[in-house]
$ cat protein_35.pdb   # PDB, C-alpha atoms
ATOM      1  CA  MET A   1      67.136  93.000  60.946  1.00  0.00           C
ATOM      2  CA  THR A   2      70.246  95.063  60.947  1.00  0.00           C
ATOM      3  CA  GLU A   3      73.498  94.197  62.670  1.00  0.00           C
ATOM      4  CA  PRO A   4      74.296  96.259  65.771  1.00  0.00           C
ATOM      5  CA  GLU A   5      77.257  98.546  65.431  1.00  0.00           C
ATOM      6  CA  GLY A   6      80.276  97.936  67.603  1.00  0.00           C
ATOM      7  CA  PRO A   7      81.278  94.733  69.341  1.00  0.00           C
ATOM      8  CA  VAL A   8      78.575  92.368  70.529  1.00  0.00           C
ATOM      9  CA  ALA A   9      78.621  91.572  74.252  1.00  0.00           C
ATOM     10  CA  GLY A  10      80.803  88.548  74.893  1.00  0.00           C
ATOM     11  CA  GLN A  11      82.556  88.697  71.523  1.00  0.00           C
ATOM     12  CA  ASP A  12      85.922  90.407  71.301  1.00  0.00           C
ATOM     13  CA  THR A  13      85.045  93.105  73.814  1.00  0.00           C
ATOM     14  CA  PRO A  14      88.097  95.024  74.952  1.00  0.00           C
ATOM     15  CA  VAL A  15      89.195  94.324  78.495  1.00  0.00           C
ATOM     16  CA  SER A  16      89.635  97.427  80.630  1.00  0.00           C
ATOM     17  CA  THR A  17      93.004  97.459  82.349  1.00  0.00           C
ATOM     18  CA  THR A  18      92.593 100.823  84.044  1.00  0.00           C
ATOM     19  CA  ALA A  19      91.827  99.321  87.449  1.00  0.00           C
ATOM     20  CA  SER A  20      94.635  96.795  87.181  1.00  0.00           C
ATOM     21  CA  ARG A  21      97.110  99.561  86.319  1.00  0.00           C
ATOM     22  CA  LEU A  22      95.813 101.860  89.049  1.00  0.00           C
ATOM     23  CA  PHE A  23      96.165  99.302  91.811  1.00  0.00           C
ATOM     24  CA  ASP A  24      99.418  97.841  90.538  1.00  0.00           C
ATOM     25  CA  LEU A  25     101.952  97.753  93.373  1.00  0.00           C
ATOM     26  CA  ARG A  26     104.516  99.554  91.227  1.00  0.00           C
ATOM     27  CA  THR A  27     102.141 102.492  90.746  1.00  0.00           C
ATOM     28  CA  VAL A  28     101.410 102.739  94.464  1.00  0.00           C
ATOM     29  CA  LEU A  29     105.124 102.607  95.292  1.00  0.00           C
ATOM     30  CA  ALA A  30     105.879 105.275  92.679  1.00  0.00           C
ATOM     31  CA  LEU A  31     103.270 107.539  94.243  1.00  0.00           C
ATOM     32  CA  LEU A  32     104.632 107.027  97.756  1.00  0.00           C
ATOM     33  CA  PHE A  33     108.253 107.562  96.719  1.00  0.00           C
ATOM     34  CA  SER A  34     107.218 110.696  94.806  1.00  0.00           C
ATOM     35  CA  VAL A  35     105.402 112.244  97.762  1.00  0.00           C
ATOM     36  CA  TYR A  36     108.156 111.483 100.287  1.00  0.00           C
ATOM     37  CA  GLY A  37     110.846 112.472  97.795  1.00  0.00           C
ATOM     38  CA  ILE A  38     109.246 115.878  97.201  1.00  0.00           C
ATOM     39  CA  VAL A  39     108.904 116.455 100.959  1.00  0.00           C
ATOM     40  CA  LEU A  40     112.558 115.558 101.593  1.00  0.00           C
ATOM     41  CA  LEU A  41     113.701 117.641  98.628  1.00  0.00           C
ATOM     42  CA  ILE A  42     111.902 120.707  99.978  1.00  0.00           C
ATOM     43  CA  VAL A  43     113.210 120.111 103.509  1.00  0.00           C
ATOM     44  CA  GLY A  44     116.717 119.643 102.127  1.00  0.00           C
ATOM     45  CA  LEU A  45     116.544 122.887 100.157  1.00  0.00           C
ATOM     46  CA  VAL A  46     114.736 125.091 102.671  1.00  0.00           C
ATOM     47  CA  ALA A  47     114.961 123.842 106.243  1.00  0.00           C
ATOM     48  CA  THR A  48     118.467 122.377 106.455  1.00  0.00           C
ATOM     49  CA  ASP A  49     121.052 124.550 108.169  1.00  0.00           C
ATOM     50  CA  GLN A  50     124.818 124.210 108.520  1.00  0.00           C
ATOM     51  CA  ALA A  51     124.531 122.484 111.898  1.00  0.00           C
ATOM     52  CA  ASP A  52     122.482 119.672 110.351  1.00  0.00           C
ATOM     53  CA  ILE A  53     124.960 119.321 107.502  1.00  0.00           C
ATOM     54  CA  ALA A  54     127.866 119.250 109.956  1.00  0.00           C
ATOM     55  CA  LYS A  55     126.158 116.467 111.954  1.00  0.00           C
ATOM     56  CA  ALA A  56     125.872 114.403 108.768  1.00  0.00           C
ATOM     57  CA  GLY A  57     129.567 114.699 107.932  1.00  0.00           C
ATOM     58  CA  GLY A  58     129.155 117.479 105.384  1.00  0.00           C
ATOM     59  CA  TRP A  59     126.286 115.866 103.465  1.00  0.00           C
ATOM     60  CA  ASN A  60     122.807 117.300 102.991  1.00  0.00           C
ATOM     61  CA  VAL A  61     121.147 113.955 103.672  1.00  0.00           C
ATOM     62  CA  ASN A  62     117.567 115.184 103.166  1.00  0.00           C
ATOM     63  CA  LEU A  63     118.393 116.617  99.756  1.00  0.00           C
ATOM     64  CA  ILE A  64     120.283 113.528  98.569  1.00  0.00           C
ATOM     65  CA  THR A  65     117.622 111.152  99.871  1.00  0.00           C
ATOM     66  CA  GLY A  66     114.822 113.224  98.292  1.00  0.00           C
ATOM     67  CA  ILE A  67     116.518 113.208  94.903  1.00  0.00           C
ATOM     68  CA  SER A  68     117.177 109.468  95.192  1.00  0.00           C
ATOM     69  CA  MET A  69     113.527 108.780  96.038  1.00  0.00           C
ATOM     70  CA  LEU A  70     112.352 110.819  93.051  1.00  0.00           C
ATOM     71  CA  VAL A  71     114.714 108.893  90.766  1.00  0.00           C
ATOM     72  CA  LEU A  72     113.353 105.617  92.170  1.00  0.00           C
ATOM     73  CA  ALA A  73     109.772 106.823  91.621  1.00  0.00           C
ATOM     74  CA  ALA A  74     110.647 107.675  88.014  1.00  0.00           C
ATOM     75  CA  PHE A  75     112.076 104.158  87.617  1.00  0.00           C
ATOM     76  CA  PHE A  76     108.813 102.603  88.880  1.00  0.00           C
ATOM     77  CA  ILE A  77     106.729 104.788  86.549  1.00  0.00           C
ATOM     78  CA  LEU A  78     108.954 103.865  83.609  1.00  0.00           C
ATOM     79  CA  TRP A  79     108.663 100.193  84.562  1.00  0.00           C
ATOM     80  CA  VAL A  80     104.860 100.414  84.610  1.00  0.00           C
ATOM     81  CA  ARG A  81     104.857 102.105  81.192  1.00  0.00           C
ATOM     82  CA  LEU A  82     107.242  99.638  79.565  1.00  0.00           C
ATOM     83  CA  ARG A  83     105.825  96.447  81.127  1.00  0.00           C
ATOM     84  CA  PRO A  84     102.100  97.022  81.784  1.00  0.00           C
ATOM     85  CA  VAL A  85      99.963  94.494  83.617  1.00  0.00           C
ATOM     86  CA  LYS A  86      97.888  92.375  81.305  1.00  0.00           C
ATOM     87  CA  ALA A  87      94.528  91.406  82.771  1.00  0.00           C
ATOM     88  CA  PRO A  88      93.674  87.735  82.214  1.00  0.00           C
ATOM     89  CA  VAL A  89      91.000  87.190  79.613  1.00  0.00           C
ATOM     90  CA  GLU A  90      88.597  84.484  80.714  1.00  0.00           C
ATOM     91  CA  GLU A  91      85.742  83.115  78.731  1.00  0.00           C
ATOM     92  CA  ILE A  92      82.519  83.448  80.674  1.00  0.00           C
ATOM     93  CA  GLU A  93      80.749  80.446  79.277  1.00  0.00           C
ATOM     94  CA  GLY A  94      81.747  77.277  77.512  1.00  0.00           C
ATOM     95  CA  THR A  95      85.246  76.899  78.934  1.00  0.00           C
ATOM     96  CA  ALA A  96      86.790  73.474  78.754  1.00  0.00           C
ATOM     97  CA  GLY A  97      87.267  71.784  82.099  1.00  0.00           C
ATOM     98  CA  ASP A  98      84.661  73.927  83.839  1.00  0.00           C
ATOM     99  CA  THR A  99      83.011  71.906  86.602  1.00  0.00           C
ATOM    100  CA  ALA A 100      80.084  72.769  88.804  1.00  0.00           C
ATOM    101  CA  GLY A 101      81.280  70.938  91.874  1.00  0.00           C
ATOM    102  CA  PRO A 102      84.228  69.108  93.362  1.00  0.00           C
ATOM    103  CA  PRO A 103      85.798  66.305  91.343  1.00  0.00           C
ATOM    104  CA  GLY A 104      83.987  63.004  91.492  1.00  0.00           C
ATOM    105  CA  HIS A 105      80.471  64.436  91.595  1.00  0.00           C
TER
END

$ encode --input "protein_35.pdb" --output "C-alpha cells"
Amino acid sequence: MTEPEGPVAGQDTPVSTTASRLFDLRTVLALLFSVYGIVLLIVGLVATDQADIAKAGGWNVNLITGISMLVLAAFFILWVRLRPVKAPVEEIEGTAGDTAGPPGH
C-alpha cells in the first residue's frame, strides 16, 4: 500500500485559528470603533456648522472624536496582528489524567 499524501487525521494537523481571530474581542471592538469613527468623521466634516463649534468652545468635537476612534481602531487591529490568539491544541485521545467520571469512581 502507498502512504497517503498530506497529514494523516489526528497527526500534526494544522489548527484553524480563523474563527478564534474573527470572534476575538479586539477584532469586534476594532470594527465598532471603525464604524462609529467613520460616521463621526463624516459628520464632523460635513454637518457641523459654526454654531455647533461655538457651543463646544471652538472645538469640532465630532471631528476630533471620529479621528480618535479611528486611531483606537487602528491600535486594536495592530494589537491583533502582533499578538494573535493561539487556539489550544488538545489531544483527542490518550491524554494523561483523562477520566470518564467524577473522582472516586

$ closest_residue --input "protein_35.pdb" --among "A:Val39, A:Ala30, A:Arg83, A:Gly44" --to "A:Val71" --atoms "only C-alpha atoms"
A:Ala30

$ closest_residue --input "protein_35.pdb" --among "A:Ile64, A:Leu70, A:Ala56, A:Ala51" --to "A:Ile38" --atoms "only C-alpha atoms"
A:Leu70

$ residues_near_point --input "protein_35.pdb" --point "(115.1, 122.2, 100.5)" --cutoff "12 Å" --atoms "all atoms listed in the file" --output "PyMOL selection string"
chain A and resi 37-49+60-67

$ closest_residue --input "protein_35.pdb" --among "A:Ile77, A:Leu82, A:Ile53, A:Met69" --to "A:Leu25" --atoms "all atoms listed in the file"
A:Ile77

$ atom_distance --input "protein_35.pdb" --atom1 "atom CA of A:Ala73" --atom2 "atom CA of A:Asp52"
26.0 Å

$ atom_distance --input "protein_35.pdb" --atom1 "atom CA of A:Ala74" --atom2 "atom CA of A:Ser34"
8.2 Å

$ atom_distance --input "protein_35.pdb" --atom1 "atom CA of A:Val35" --atom2 "atom CA of A:Trp79"
18.2 Å

$ axis_aligned_box --input "protein_35.pdb" --around "stretch 56-75 of chain A" --padding-each-side "6 Å" --output "AutoDock Vina command-line options"
--center_x 119.7 --center_y 110.8 --center_z 98.2 --size_x 31.8 --size_y 25.3 --size_z 33.2
